[in-house]
Amino acid sequence: MTAVAEPRTQPPVRPGRAWWRRPWIIPMGAVIVAFLVYSIPPYLGLDPALSRVPEGSSIYYPALLAHIGFGAVAMVSGFCQVWPWFRKRHRAAHRVLGRVYVFAGVLPSATAGLIVGAMSPFGPVGRVSLVLLASIWFGSTITGYVKARRRSFAEHRVWMIRSYTLTLSTITNRIWGPVASIVLTPHLDTMFGGSEIALLYSVAGITNWLGWVVPLLAVELWLQRKRVRAR
Ligand code: HEM
């Protein structure tokens, strides 16, 4: 991941394009709202029986709740951060929300995500992916924060784009499960010897890996193209 040559002062405030001329903002906001409205309610009553994930030990459910709560903060605060119009018009809010994103969003959610990831009931392949994802999520966010503190704003931007891509990867993650399930279930007897647990672990493994690797690769390609064009 190459460093980008840059001025060490904050770029001047230029009038941004109107929000409606950024065609990705509305769909992105709508997808985030739909995800949160669908995902969060079962956890609001703090009732483990309503959890979509079967719990293993006594620490699992509190860690899952912390992960989800802080994850929602990261998702919403990060949305304002990547929205160019908001970033340009509300510099002070950008700085405050940036700290909220890092310290009340990603870092606590990723720490809890490490615990629930390592204890995931969906098999070892998925666990490895989740632990790696939580670590990279944590690492890219800290790096982005440190770059901002050192006033390396171009690098700060690139690391925060990586970080927020990983934040949103929990949404794309939900797409792969049904796809893998539809493709693999007809092969239960032939490919998995009739073992439903082997099928479940395979679907979860594929889902967890593709969920974050595909968006991260896509965003790296996009960043690479922008660098080439800038040259
Ligand atoms: C990007 C790093 C993330 C990691 C490593 C991660 C990890 C996990 C893990 C391990 C679980 C338990 C299910 C399983 O074992 O497969 C889980 C569940 C969940 N996570 Fe995350 N997560 C991440 C990001 C987020 C974000 C940003 C949110 C936003 C709210 C979120 C919301 C949820 C929800 C709602 C559940 C419960 C499952 C459900 O009800 O569908 N996650 N996550």
# chains A, B, ... in the order shown; residues from 1 in each chain; ligands from 1
>>> residues_around(residues="stretch 51-60 of chain A", least_positions_apart="3", cutoff="9 Å", atoms="only C-alpha atoms", output="number ranges by chain")
A: 42-43, 46-48, 63-65, 115-116, 119-121
>>> write_last_selection(atoms="C-alpha atoms", output="PDB file, in the first residue's frame")
ATOM      1  CA  PRO A  42     -33.583  -8.031  18.065  1.00  0.00           C
ATOM      2  CA  TYR A  43     -30.788  -6.755  20.331  1.00  0.00           C
ATOM      3  CA  LEU A  46     -31.108  -7.262  25.680  1.00  0.00           C
ATOM      4  CA  ASP A  47     -32.762 -10.680  25.480  1.00  0.00           C
ATOM      5  CA  PRO A  48     -30.289 -13.410  24.422  1.00  0.00           C
ATOM      6  CA  ALA A  63     -19.534  -8.898  23.650  1.00  0.00           C
ATOM      7  CA  LEU A  64     -21.977  -9.244  20.745  1.00  0.00           C
ATOM      8  CA  LEU A  65     -24.130  -6.411  22.156  1.00  0.00           C
ATOM      9  CA  ILE A 115     -14.034 -11.840  20.902  1.00  0.00           C
ATOM     10  CA  VAL A 116     -17.223 -12.816  19.040  1.00  0.00           C
ATOM     11  CA  MET A 119     -15.907 -17.645  19.418  1.00  0.00           C
ATOM     12  CA  SER A 120     -18.090 -17.684  16.306  1.00  0.00           C
ATOM     13  CA  PRO A 121     -20.389 -20.718  16.234  1.00  0.00           C
TER      14      PRO A 121
END
>>> residues_around(residues="A:Gly177", least_positions_apart="5", cutoff="8 Å", atoms="only C-alpha atoms", output="mmCIF file with C-alpha atoms, in the first residue's frame")
data_model
loop_
_atom_site.group_PDB
_atom_site.id
_atom_site.type_symbol
_atom_site.label_atom_id
_atom_site.label_comp_id
_atom_site.auth_asym_id
_atom_site.auth_seq_id
_atom_site.Cartn_x
_atom_site.Cartn_y
_atom_site.Cartn_z
ATOM 1 C CA VAL A 203 -21.479 -21.391 3.627
ATOM 2 C CA ALA A 204 -20.319 -19.317 6.632
ATOM 3 C CA ILE A 206 -17.344 -18.431 2.039
ATOM 4 C CA THR A 207 -19.633 -15.636 3.300
#
>>> residues_near_ligand(ligand="ligand 1", cutoff="7 Å", atoms="only C-alpha atoms and all ligand atoms", output="PyMOL selection string")
chain A and resi 36+39-40+51-53+64+67-69+71-72+74-75+110+113-114+116-117+119-122+130-131+133-134+137+166-170
>>> atom_distance(atom1="atom CA of A:Pro84", atom2="atom CA of A:Gly139")
23.7 Å
>>> atom_distance(atom1="atom CA of A:Lys147", atom2="atom CA of A:Thr172")
27.5 Å
>>> residues_around(residues="A:Gln81", least_positions_apart="5", cutoff="8 Å", atoms="only C-alpha atoms", output="PyMOL selection string")
chain A and resi 86-87+94+97-98
